[in-house]
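For reference, upload36.cif is printed below; it contains mmCIF, C-alpha atoms and all ligand atoms.
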```cif
data_my_file
#
loop_
_atom_site.group_PDB
_atom_site.id
_atom_site.type_symbol
_atom_site.label_atom_id
_atom_site.label_comp_id
_atom_site.auth_asym_id
_atom_site.auth_seq_id
_atom_site.Cartn_x
_atom_site.Cartn_y
_atom_site.Cartn_z
ATOM 1 C CA MET Q 88 3.186 58.181 -55.607
ATOM 2 C CA LYS Q 89 4.683 61.071 -53.737
ATOM 3 C CA ASN Q 90 7.118 59.198 -51.585
ATOM 4 C CA LYS Q 91 8.127 55.611 -52.139
ATOM 5 C CA GLU Q 92 9.645 55.017 -48.752
ATOM 6 C CA PRO Q 93 8.043 52.018 -47.125
ATOM 7 C CA LYS Q 94 6.318 52.905 -43.866
ATOM 8 C CA ILE Q 95 5.088 49.360 -43.306
ATOM 9 C CA ILE Q 96 6.646 46.165 -44.645
ATOM 10 C CA VAL Q 97 4.875 42.834 -44.418
ATOM 11 C CA LYS Q 98 7.322 40.115 -45.387
ATOM 12 C CA ASN Q 99 6.373 36.485 -46.011
ATOM 13 C CA LEU Q 100 3.629 36.572 -43.402
ATOM 14 C CA THR Q 101 2.061 33.211 -42.650
ATOM 15 C CA LYS Q 102 -0.537 32.753 -39.914
ATOM 16 C CA LYS Q 103 -2.038 29.533 -38.700
ATOM 17 C CA PHE Q 104 -4.891 29.153 -36.236
ATOM 18 C CA GLY Q 105 -4.543 25.545 -35.129
ATOM 19 C CA ASP Q 106 -3.835 23.656 -38.310
ATOM 20 C CA ARG Q 107 -5.767 26.101 -40.513
ATOM 21 C CA GLU Q 108 -3.470 28.310 -42.533
ATOM 22 C CA ILE Q 109 -5.268 31.653 -42.734
ATOM 23 C CA LEU Q 110 -2.507 33.775 -44.276
ATOM 24 C CA LYS Q 111 -0.249 32.096 -46.797
ATOM 25 C CA ASN Q 112 3.097 33.784 -47.190
ATOM 26 C CA ILE Q 113 1.845 37.270 -47.995
ATOM 27 C CA SER Q 114 4.147 40.220 -48.673
ATOM 28 C CA PHE Q 115 3.495 43.865 -49.397
ATOM 29 C CA GLU Q 116 4.820 47.338 -48.615
ATOM 30 C CA VAL Q 117 2.845 50.415 -47.685
ATOM 31 C CA TYR Q 118 4.533 53.637 -48.721
ATOM 32 C CA ASP Q 119 4.676 56.784 -46.654
ATOM 33 C CA LYS Q 120 1.514 58.909 -46.971
ATOM 34 C CA GLU Q 121 -0.344 56.507 -49.209
ATOM 35 C CA ILE Q 122 -3.765 54.937 -48.878
ATOM 36 C CA PHE Q 123 -3.232 51.215 -49.246
ATOM 37 C CA VAL Q 124 -6.434 49.226 -49.568
ATOM 38 C CA ILE Q 125 -6.659 45.533 -48.764
ATOM 39 C CA MET Q 126 -9.665 44.299 -50.691
ATOM 40 C CA GLY Q 127 -11.260 40.884 -50.586
ATOM 41 C CA GLY Q 128 -14.332 38.837 -49.726
ATOM 42 C CA SER Q 129 -15.341 37.992 -46.176
ATOM 43 C CA GLY Q 130 -13.149 35.416 -44.510
ATOM 44 C CA SER Q 131 -10.248 36.094 -46.872
ATOM 45 C CA GLY Q 132 -7.894 37.201 -44.077
ATOM 46 C CA LYS Q 133 -8.176 41.003 -44.190
ATOM 47 C CA SER Q 134 -8.753 41.626 -40.481
ATOM 48 C CA THR Q 135 -6.124 39.041 -39.586
ATOM 49 C CA THR Q 136 -3.626 40.922 -41.753
ATOM 50 C CA ILE Q 137 -4.116 44.315 -40.129
ATOM 51 C CA LYS Q 138 -4.169 42.827 -36.642
ATOM 52 C CA HIS Q 139 -0.583 41.746 -37.359
ATOM 53 C CA ILE Q 140 0.401 45.271 -38.367
ATOM 54 C CA ILE Q 141 -0.685 46.616 -34.996
ATOM 55 C CA GLY Q 142 0.836 43.651 -33.164
ATOM 56 C CA LEU Q 143 -2.439 42.223 -31.852
ATOM 57 C CA LEU Q 144 -1.509 38.950 -33.520
ATOM 58 C CA LYS Q 145 1.936 37.352 -33.868
ATOM 59 C CA PRO Q 146 2.938 35.729 -37.151
ATOM 60 C CA THR Q 147 3.406 31.978 -37.341
ATOM 61 C CA SER Q 148 6.283 32.972 -39.590
ATOM 62 C CA GLY Q 149 7.377 36.110 -41.376
ATOM 63 C CA GLN Q 150 8.054 39.691 -40.362
ATOM 64 C CA ILE Q 151 6.254 42.985 -39.860
ATOM 65 C CA ILE Q 152 8.335 46.159 -40.008
ATOM 66 C CA VAL Q 153 6.772 49.468 -39.018
ATOM 67 C CA ASN Q 154 8.719 52.713 -39.324
ATOM 68 C CA GLY Q 155 11.906 50.689 -39.735
ATOM 69 C CA VAL Q 156 11.313 48.664 -36.557
ATOM 70 C CA ASP Q 157 10.724 44.932 -36.707
ATOM 71 C CA ILE Q 158 7.699 44.549 -34.432
ATOM 72 C CA THR Q 159 7.450 40.787 -34.804
ATOM 73 C CA ASN Q 160 9.049 39.942 -31.493
ATOM 74 C CA LEU Q 161 8.468 43.056 -29.412
ATOM 75 C CA SER Q 162 7.186 42.869 -25.861
ATOM 76 C CA ASN Q 163 3.834 44.417 -25.005
ATOM 77 C CA GLU Q 164 5.551 47.448 -23.442
ATOM 78 C CA GLU Q 165 7.574 48.030 -26.603
ATOM 79 C CA LEU Q 166 4.473 47.596 -28.731
ATOM 80 C CA ILE Q 167 2.667 50.282 -26.731
ATOM 81 C CA GLU Q 168 5.373 52.756 -27.823
ATOM 82 C CA ILE Q 169 4.951 51.829 -31.495
ATOM 83 C CA ARG Q 170 1.162 51.960 -31.224
ATOM 84 C CA LYS Q 171 1.265 55.564 -30.033
ATOM 85 C CA LYS Q 172 1.943 56.471 -33.640
ATOM 86 C CA MET Q 173 -0.884 54.295 -34.888
ATOM 87 C CA GLY Q 174 -4.635 54.631 -34.880
ATOM 88 C CA TYR Q 175 -6.841 51.607 -35.289
ATOM 89 C CA LEU Q 176 -10.482 51.678 -36.286
ATOM 90 C CA PHE Q 177 -11.996 48.365 -35.240
ATOM 91 C CA GLN Q 178 -14.487 46.621 -37.486
ATOM 92 C CA GLU Q 179 -17.105 46.754 -34.715
ATOM 93 C CA GLY Q 180 -16.249 50.302 -33.676
ATOM 94 C CA ALA Q 181 -15.617 49.115 -30.126
ATOM 95 C CA LEU Q 182 -16.557 52.252 -28.202
ATOM 96 C CA PHE Q 183 -16.862 51.945 -24.445
ATOM 97 C CA ASP Q 184 -20.606 51.819 -23.704
ATOM 98 C CA SER Q 185 -20.319 53.281 -20.220
ATOM 99 C CA LEU Q 186 -18.373 56.360 -21.316
ATOM 100 C CA THR Q 187 -19.722 59.424 -23.069
ATOM 101 C CA ILE Q 188 -18.608 60.182 -26.604
ATOM 102 C CA TRP Q 189 -16.104 62.823 -25.526
ATOM 103 C CA GLU Q 190 -14.633 60.482 -22.915
ATOM 104 C CA ASN Q 191 -14.323 57.783 -25.572
ATOM 105 C CA VAL Q 192 -12.536 60.103 -27.970
ATOM 106 C CA GLY Q 193 -10.276 61.522 -25.257
ATOM 107 C CA PHE Q 194 -9.714 58.137 -23.608
ATOM 108 C CA TYR Q 195 -5.995 57.976 -24.312
ATOM 109 C CA TYR Q 196 -5.411 61.402 -22.768
ATOM 110 C CA LEU Q 197 -7.612 60.753 -19.727
ATOM 111 C CA GLU Q 198 -5.754 57.506 -19.034
ATOM 112 C CA ASN Q 199 -2.177 58.404 -19.900
ATOM 113 C CA THR Q 200 -1.625 62.127 -19.392
ATOM 114 C CA ASN Q 201 -2.112 64.810 -16.779
ATOM 115 C CA MET Q 202 -4.312 66.921 -19.032
ATOM 116 C CA SER Q 203 -7.336 68.339 -17.255
ATOM 117 C CA PRO Q 204 -10.769 66.991 -18.232
ATOM 118 C CA LYS Q 205 -11.545 70.416 -19.651
ATOM 119 C CA GLU Q 206 -8.531 70.302 -21.973
ATOM 120 C CA VAL Q 207 -9.327 66.751 -23.029
ATOM 121 C CA PHE Q 208 -12.924 67.741 -23.713
ATOM 122 C CA LYS Q 209 -11.732 70.508 -26.015
ATOM 123 C CA LEU Q 210 -9.429 68.181 -27.859
ATOM 124 C CA ALA Q 211 -12.166 65.562 -28.217
ATOM 125 C CA GLN Q 212 -14.532 68.212 -29.506
ATOM 126 C CA GLU Q 213 -12.006 69.230 -32.192
ATOM 127 C CA LYS Q 214 -11.548 65.623 -33.338
ATOM 128 C CA LEU Q 215 -15.306 65.110 -33.405
ATOM 129 C CA LYS Q 216 -15.666 68.207 -35.531
ATOM 130 C CA LEU Q 217 -13.137 66.775 -37.990
ATOM 131 C CA VAL Q 218 -15.396 63.763 -38.528
ATOM 132 C CA GLY Q 219 -18.490 65.920 -38.836
ATOM 133 C CA LEU Q 220 -19.947 65.287 -35.391
ATOM 134 C CA GLN Q 221 -21.045 68.178 -33.244
ATOM 135 C CA GLY Q 222 -23.205 68.371 -30.154
ATOM 136 C CA VAL Q 223 -22.884 64.671 -29.307
ATOM 137 C CA GLU Q 224 -20.108 65.078 -26.742
ATOM 138 C CA TYR Q 225 -22.265 64.198 -23.736
ATOM 139 C CA LEU Q 226 -24.222 61.373 -25.366
ATOM 140 C CA TYR Q 227 -23.491 57.681 -24.853
ATOM 141 C CA PRO Q 228 -22.628 55.359 -27.772
ATOM 142 C CA SER Q 229 -26.047 53.654 -27.539
ATOM 143 C CA GLU Q 230 -27.722 56.997 -28.255
ATOM 144 C CA LEU Q 231 -25.953 57.394 -31.610
ATOM 145 C CA SER Q 232 -26.819 55.885 -34.981
ATOM 146 C CA GLY Q 233 -24.475 53.299 -36.495
ATOM 147 C CA GLY Q 234 -22.906 55.849 -38.809
ATOM 148 C CA MET Q 235 -22.340 58.321 -35.992
ATOM 149 C CA ARG Q 236 -20.748 55.633 -33.832
ATOM 150 C CA LYS Q 237 -18.414 54.792 -36.689
ATOM 151 C CA ARG Q 238 -17.422 58.426 -36.987
ATOM 152 C CA ALA Q 239 -16.919 58.706 -33.220
ATOM 153 C CA SER Q 240 -14.657 55.640 -33.390
ATOM 154 C CA LEU Q 241 -12.730 57.311 -36.157
ATOM 155 C CA ALA Q 242 -12.363 60.457 -34.043
ATOM 156 C CA ARG Q 243 -10.921 58.273 -31.297
ATOM 157 C CA ALA Q 244 -8.572 56.529 -33.737
ATOM 158 C CA ILE Q 245 -7.110 59.866 -34.830
ATOM 159 C CA ALA Q 246 -7.156 61.539 -31.403
ATOM 160 C CA THR Q 247 -3.431 61.032 -30.814
ATOM 161 C CA ASN Q 248 -2.468 62.433 -34.250
ATOM 162 C CA PRO Q 249 -1.163 59.084 -35.479
ATOM 163 C CA GLU Q 250 1.185 58.817 -38.460
ATOM 164 C CA ILE Q 251 -0.478 55.584 -39.472
ATOM 165 C CA VAL Q 252 -4.183 54.774 -39.336
ATOM 166 C CA LEU Q 253 -5.521 51.270 -39.896
ATOM 167 C CA TYR Q 254 -9.190 50.979 -40.801
ATOM 168 C CA ASP Q 255 -11.136 47.749 -40.664
ATOM 169 C CA GLU Q 256 -14.240 48.022 -42.877
ATOM 170 C CA PRO Q 257 -14.849 51.729 -42.212
ATOM 171 C CA ASN Q 258 -17.855 51.811 -44.570
ATOM 172 C CA SER Q 259 -19.656 48.621 -43.615
ATOM 173 C CA GLY Q 260 -23.265 49.135 -42.590
ATOM 174 C CA LEU Q 261 -23.272 52.810 -43.544
ATOM 175 C CA ASP Q 262 -25.655 54.600 -45.882
ATOM 176 C CA PRO Q 263 -24.082 55.895 -49.128
ATOM 177 C CA VAL Q 264 -23.765 59.487 -47.917
ATOM 178 C CA THR Q 265 -22.095 58.630 -44.611
ATOM 179 C CA SER Q 266 -19.928 56.166 -46.477
ATOM 180 C CA ALA Q 267 -18.792 58.895 -48.892
ATOM 181 C CA LEU Q 268 -18.084 61.142 -45.927
ATOM 182 C CA ILE Q 269 -15.814 58.517 -44.362
ATOM 183 C CA ASP Q 270 -14.009 58.078 -47.709
ATOM 184 C CA LYS Q 271 -13.430 61.824 -47.871
ATOM 185 C CA LEU Q 272 -12.116 61.846 -44.336
ATOM 186 C CA VAL Q 273 -9.585 59.129 -45.071
ATOM 187 C CA MET Q 274 -8.365 61.137 -48.071
ATOM 188 C CA ASP Q 275 -8.336 64.415 -46.101
ATOM 189 C CA LEU Q 276 -6.167 62.824 -43.419
ATOM 190 C CA ARG Q 277 -3.661 61.859 -46.103
ATOM 191 C CA ASP Q 278 -3.776 65.197 -47.895
ATOM 192 C CA ASN Q 279 -3.841 67.531 -44.878
ATOM 193 C CA LEU Q 280 -1.918 65.622 -42.234
ATOM 194 C CA GLY Q 281 0.228 63.221 -44.282
ATOM 195 C CA VAL Q 282 -1.289 60.158 -42.662
ATOM 196 C CA THR Q 283 -0.367 56.721 -44.024
ATOM 197 C CA SER Q 284 -3.465 54.533 -44.205
ATOM 198 C CA VAL Q 285 -4.234 50.871 -44.543
ATOM 199 C CA VAL Q 286 -7.911 50.335 -45.286
ATOM 200 C CA VAL Q 287 -9.485 46.897 -45.235
ATOM 201 C CA THR Q 288 -12.694 46.697 -47.214
ATOM 202 C CA HIS Q 289 -14.924 44.563 -49.391
ATOM 203 C CA ASP Q 290 -16.624 47.729 -50.693
ATOM 204 C CA LEU Q 291 -15.498 48.069 -54.309
ATOM 205 C CA GLU Q 292 -16.691 51.606 -54.812
ATOM 206 C CA SER Q 293 -14.894 52.862 -51.740
ATOM 207 C CA ALA Q 294 -11.735 50.913 -52.608
ATOM 208 C CA PHE Q 295 -11.496 52.411 -56.079
ATOM 209 C CA THR Q 296 -12.345 55.903 -54.806
ATOM 210 C CA ILE Q 297 -9.751 56.211 -52.088
ATOM 211 C CA ALA Q 298 -6.898 53.861 -52.952
ATOM 212 C CA ASP Q 299 -3.465 54.881 -54.119
ATOM 213 C CA ARG Q 300 -2.811 51.158 -54.369
ATOM 214 C CA ILE Q 301 -4.894 48.055 -53.812
ATOM 215 C CA ALA Q 302 -3.961 44.529 -52.757
ATOM 216 C CA MET Q 303 -6.538 41.899 -53.649
ATOM 217 C CA ILE Q 304 -6.555 39.120 -51.074
ATOM 218 C CA HIS Q 305 -8.472 35.880 -51.372
ATOM 219 C CA LYS Q 306 -8.266 32.860 -49.070
ATOM 220 C CA GLY Q 307 -5.120 34.188 -47.403
ATOM 221 C CA LYS Q 308 -3.212 34.836 -50.613
ATOM 222 C CA ILE Q 309 -2.541 38.050 -52.477
ATOM 223 C CA TYR Q 310 -3.652 37.835 -56.095
ATOM 224 C CA ALA Q 311 -2.675 41.294 -57.287
ATOM 225 C CA ILE Q 312 -1.151 44.536 -56.005
ATOM 226 C CA GLY Q 313 -1.267 47.783 -57.925
ATOM 227 C CA THR Q 314 -2.908 51.108 -58.594
ATOM 228 C CA PRO Q 315 -6.673 51.011 -59.183
ATOM 229 C CA GLU Q 316 -5.981 51.133 -62.942
ATOM 230 C CA GLU Q 317 -3.548 48.234 -62.722
ATOM 231 C CA ILE Q 318 -6.030 46.206 -60.686
ATOM 232 C CA LYS Q 319 -8.752 46.817 -63.280
ATOM 233 C CA ARG Q 320 -6.400 45.520 -65.971
ATOM 234 C CA SER Q 321 -5.240 42.509 -63.932
ATOM 235 C CA PRO Q 322 -5.508 39.323 -65.995
ATOM 236 C CA ASP Q 323 -6.107 37.257 -62.842
ATOM 237 C CA PRO Q 324 -9.540 35.542 -63.020
ATOM 238 C CA VAL Q 325 -10.073 35.808 -59.237
ATOM 239 C CA VAL Q 326 -9.459 39.565 -59.360
ATOM 240 C CA GLN Q 327 -11.721 39.958 -62.392
ATOM 241 C CA GLN Q 328 -14.586 38.006 -60.820
ATOM 242 C CA PHE Q 329 -14.362 40.097 -57.661
ATOM 243 C CA ILE Q 330 -14.128 43.548 -59.208
ATOM 244 C CA ASN Q 331 -16.803 42.830 -61.798
ATOM 245 C CA ARG Q 332 -19.167 41.279 -59.210
ATOM 246 C CA LYS Q 333 -19.621 38.159 -61.298
ATOM 247 C CA ALA Q 334 -21.660 35.301 -59.858
ATOM 248 C CA GLU Q 335 -19.654 32.831 -61.880
ATOM 249 C CA GLY Q 336 -15.913 32.323 -61.766
ATOM 250 C CA PRO Q 337 -13.081 30.741 -59.802
ATOM 251 C CA ILE Q 338 -14.238 32.128 -56.426
ATOM 252 C CA THR Q 339 -17.659 30.460 -56.777
ATOM 253 C CA GLU Q 340 -16.181 27.214 -58.078
ATOM 254 C CA GLU Q 341 -13.877 27.023 -55.088
ATOM 255 C CA LEU Q 342 -16.775 27.713 -52.722
ATOM 256 C CA MET Q 343 -18.813 24.908 -54.320
ATOM 257 C CA ARG Q 344 -15.918 22.477 -53.968
ATOM 258 C CA GLU Q 345 -15.633 23.358 -50.281
ATOM 259 C CA VAL Q 346 -19.348 22.875 -49.620
ATOM 260 C CA ILE Q 347 -19.218 19.473 -51.317
ATOM 261 C CA GLN Q 348 -16.080 18.552 -49.396
ATOM 262 C CA LYS Q 349 -17.716 19.452 -46.057
ATOM 263 C CA ALA Q 350 -20.843 17.470 -46.911
ATOM 264 C CA LYS Q 351 -18.654 14.423 -47.650
ATOM 265 C CA VAL Q 352 -16.879 14.725 -44.297
ATOM 266 C CA LYS Q 353 -20.244 14.590 -42.491
HETATM 267 N N1 LIG Q 401 -8.725 34.006 -33.650
HETATM 268 C C1 LIG Q 401 -9.067 33.157 -34.627
HETATM 269 N N2 LIG Q 401 -9.068 31.837 -34.426
HETATM 270 C C2 LIG Q 401 -9.386 30.958 -35.403
HETATM 271 N N3 LIG Q 401 -9.744 31.337 -36.663
HETATM 272 C C3 LIG Q 401 -9.771 32.642 -36.917
HETATM 273 C C4 LIG Q 401 -9.437 33.633 -35.927
HETATM 274 N N4 LIG Q 401 -9.555 34.880 -36.490
HETATM 275 C C5 LIG Q 401 -9.941 34.660 -37.757
HETATM 276 N N5 LIG Q 401 -10.076 33.338 -38.021
HETATM 277 C C6 LIG Q 401 -10.457 32.744 -39.324
HETATM 278 O O1 LIG Q 401 -9.593 33.266 -40.305
HETATM 279 C C7 LIG Q 401 -10.262 33.512 -41.525
HETATM 280 C C8 LIG Q 401 -10.048 34.943 -41.953
HETATM 281 O O2 LIG Q 401 -10.659 35.802 -41.012
HETATM 282 P P1 LIG Q 401 -10.611 37.391 -41.125
HETATM 283 O O3 LIG Q 401 -9.210 37.826 -41.209
HETATM 284 O O4 LIG Q 401 -11.427 37.922 -40.003
HETATM 285 O O5 LIG Q 401 -11.335 37.614 -42.519
HETATM 286 P P2 LIG Q 401 -11.897 38.961 -43.177
HETATM 287 O O6 LIG Q 401 -11.561 40.090 -42.271
HETATM 288 O O7 LIG Q 401 -11.255 39.024 -44.511
HETATM 289 O O8 LIG Q 401 -13.383 38.754 -43.296
HETATM 290 C C9 LIG Q 401 -11.726 33.148 -41.259
HETATM 291 O O9 LIG Q 401 -11.954 31.856 -41.770
HETATM 292 C C10 LIG Q 401 -11.833 33.161 -39.763
HETATM 293 O O10 LIG Q 401 -12.805 32.257 -39.325
HETATM 294 MG MG MG Q 402 -12.790 41.371 -41.227
#
```
Could you write out this file's structure as structure tokens?
Amino acid sequence: MKNKEPKIIVKNLTKKFGDREILKNISFEVYDKEIFVIMGGSGSGKSTTIKHIIGLLKPTSGQIIVNGVDITNLSNEELIEIRKKMGYLFQEGALFDSLTIWENVGFYYLENTNMSPKEVFKLAQEKLKLVGLQGVEYLYPSELSGGMRKRASLARAIATNPEIVLYDEPNSGLDPVTSALIDKLVMDLRDNLGVTSVVVTHDLESAFTIADRIAMIHKGKIYAIGTPEEIKRSPDPVVQQFINRKAEGPITEELMREVIQKAKVK
């Protein structure tokens, strides 16, 4: 790792929704300029984790420190300041349907600055070019394919030149070529612009391609953190079942127990 300074610190994070504990005392650090992948099955708590990093969710207990600032108890106004340095790619993409692609990408500038529409258009066009989209500026999100929408969302996430970009399932629903293109983009942003990235994914191939380090999360707990090589060598049976795509193992056994438990309750 080039620089071991922590850019993001998640310390003893616990999150409950009602009486369900979704995150169970998780801790990790993301170093400056690294690609940190949070890998795990669906429902394991990946999206919940990154929503805490951007302050969309408040911990039940624990702390989140971004760029040396404890964001746990910040007001919305203070959070807006912190978020200026962060880009967030939503799992669903979340483009505004009634705006054109260039307006979506330039949204921050149209809303918060005095830049002329012409200047914003140019900026949006540059960001779109970075993600391999050209000639779609005047189209609406509904006119784009899923992969193109994902790329447009990514262009919007990086429009403000953020130091930190958080990606929620950037490859889901994409064909292998578009998926590889997104992986390359995430790496290019690190290599060319020094962006620090947190990528949430259940896509093993992507995780092992892009990650400097990986955290394996399952049922709200972290089972292993390390470089891709360290994760491959992890002795943990949950990690091994997941990375080797095994139908049998502790994850399946737990699932079976839950199904039986639910049936008993009914
Ligand atoms: N706002 C919420 N209210 C109640 N339960 C939630 C909420 N958000 C997520 N959950 C639950 O938390 C668990 C983890 O969700 P999530 O973080 O979205 O998982 P992942 O992104 O790993 O698929 C799931 O069981 C989900 O149903
Ligand atoms: Mg999710």
Show me which residues are within 10 Å of ligand MG 402 (chain Q) counting only C-alpha atoms and all ligand atoms, and format the list as a ChimeraX atom specification. /Q:127-138,177-179,255-256,287-289
I would like the residues chosen by the PyMOL selection byres (((chain Q and resi 329-334) around 12) and not hetatm) on the shown file; could you give them as number ranges by chain? Q: 126-129, 289-295, 301, 303-305, 310-311, 315-316, 318-328, 335-340, 342
Keeping only C-alpha atoms, write those residues as an mmCIF file, keeping the file's coordinate frame.
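Here's the written file out-v3.cif:
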```
data_model
loop_
_atom_site.group_PDB
_atom_site.id
_atom_site.type_symbol
_atom_site.label_atom_id
_atom_site.label_comp_id
_atom_site.auth_asym_id
_atom_site.auth_seq_id
_atom_site.Cartn_x
_atom_site.Cartn_y
_atom_site.Cartn_z
ATOM 1 C CA MET Q 126 -9.665 44.299 -50.691
ATOM 2 C CA GLY Q 127 -11.260 40.884 -50.586
ATOM 3 C CA GLY Q 128 -14.332 38.837 -49.726
ATOM 4 C CA SER Q 129 -15.341 37.992 -46.176
ATOM 5 C CA HIS Q 289 -14.924 44.563 -49.391
ATOM 6 C CA ASP Q 290 -16.624 47.729 -50.693
ATOM 7 C CA LEU Q 291 -15.498 48.069 -54.309
ATOM 8 C CA GLU Q 292 -16.691 51.606 -54.812
ATOM 9 C CA SER Q 293 -14.894 52.862 -51.740
ATOM 10 C CA ALA Q 294 -11.735 50.913 -52.608
ATOM 11 C CA PHE Q 295 -11.496 52.411 -56.079
ATOM 12 C CA ILE Q 301 -4.894 48.055 -53.812
ATOM 13 C CA MET Q 303 -6.538 41.899 -53.649
ATOM 14 C CA ILE Q 304 -6.555 39.120 -51.074
ATOM 15 C CA HIS Q 305 -8.472 35.880 -51.372
ATOM 16 C CA TYR Q 310 -3.652 37.835 -56.095
ATOM 17 C CA ALA Q 311 -2.675 41.294 -57.287
ATOM 18 C CA PRO Q 315 -6.673 51.011 -59.183
ATOM 19 C CA GLU Q 316 -5.981 51.133 -62.942
ATOM 20 C CA ILE Q 318 -6.030 46.206 -60.686
ATOM 21 C CA LYS Q 319 -8.752 46.817 -63.280
ATOM 22 C CA ARG Q 320 -6.400 45.520 -65.971
ATOM 23 C CA SER Q 321 -5.240 42.509 -63.932
ATOM 24 C CA PRO Q 322 -5.508 39.323 -65.995
ATOM 25 C CA ASP Q 323 -6.107 37.257 -62.842
ATOM 26 C CA PRO Q 324 -9.540 35.542 -63.020
ATOM 27 C CA VAL Q 325 -10.073 35.808 -59.237
ATOM 28 C CA VAL Q 326 -9.459 39.565 -59.360
ATOM 29 C CA GLN Q 327 -11.721 39.958 -62.392
ATOM 30 C CA GLN Q 328 -14.586 38.006 -60.820
ATOM 31 C CA GLU Q 335 -19.654 32.831 -61.880
ATOM 32 C CA GLY Q 336 -15.913 32.323 -61.766
ATOM 33 C CA PRO Q 337 -13.081 30.741 -59.802
ATOM 34 C CA ILE Q 338 -14.238 32.128 -56.426
ATOM 35 C CA THR Q 339 -17.659 30.460 -56.777
ATOM 36 C CA GLU Q 340 -16.181 27.214 -58.078
ATOM 37 C CA LEU Q 342 -16.775 27.713 -52.722
#
```
Applying 8 Å and all atoms listed in the file, which residues near region 149-152 of chain Q remain after dropping the ones on its own chain fewer than 2 positions away? List them as a count of residues only. 18
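Here CA of Asn199 (chain Q) is placed at a distance of 22.7 Å from CA of Leu217 (chain Q).
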Residues in the PyMOL selection byres (((chain Q and resi 250) around 10) and not hetatm), expressed as an mmCIF file with C-alpha atoms, keeping the file's coordinate frame:
```cif
data_model
loop_
_atom_site.group_PDB
_atom_site.id
_atom_site.type_symbol
_atom_site.label_atom_id
_atom_site.label_comp_id
_atom_site.auth_asym_id
_atom_site.auth_seq_id
_atom_site.Cartn_x
_atom_site.Cartn_y
_atom_site.Cartn_z
ATOM 1 C CA LYS Q 94 6.318 52.905 -43.866
ATOM 2 C CA ASP Q 119 4.676 56.784 -46.654
ATOM 3 C CA LYS Q 120 1.514 58.909 -46.971
ATOM 4 C CA ASN Q 154 8.719 52.713 -39.324
ATOM 5 C CA ARG Q 170 1.162 51.960 -31.224
ATOM 6 C CA LYS Q 171 1.265 55.564 -30.033
ATOM 7 C CA LYS Q 172 1.943 56.471 -33.640
ATOM 8 C CA MET Q 173 -0.884 54.295 -34.888
ATOM 9 C CA GLY Q 174 -4.635 54.631 -34.880
ATOM 10 C CA ILE Q 245 -7.110 59.866 -34.830
ATOM 11 C CA THR Q 247 -3.431 61.032 -30.814
ATOM 12 C CA ASN Q 248 -2.468 62.433 -34.250
ATOM 13 C CA PRO Q 249 -1.163 59.084 -35.479
ATOM 14 C CA ILE Q 251 -0.478 55.584 -39.472
ATOM 15 C CA VAL Q 252 -4.183 54.774 -39.336
ATOM 16 C CA LEU Q 276 -6.167 62.824 -43.419
ATOM 17 C CA ARG Q 277 -3.661 61.859 -46.103
ATOM 18 C CA LEU Q 280 -1.918 65.622 -42.234
ATOM 19 C CA GLY Q 281 0.228 63.221 -44.282
ATOM 20 C CA VAL Q 282 -1.289 60.158 -42.662
ATOM 21 C CA THR Q 283 -0.367 56.721 -44.024
ATOM 22 C CA SER Q 284 -3.465 54.533 -44.205
#
```
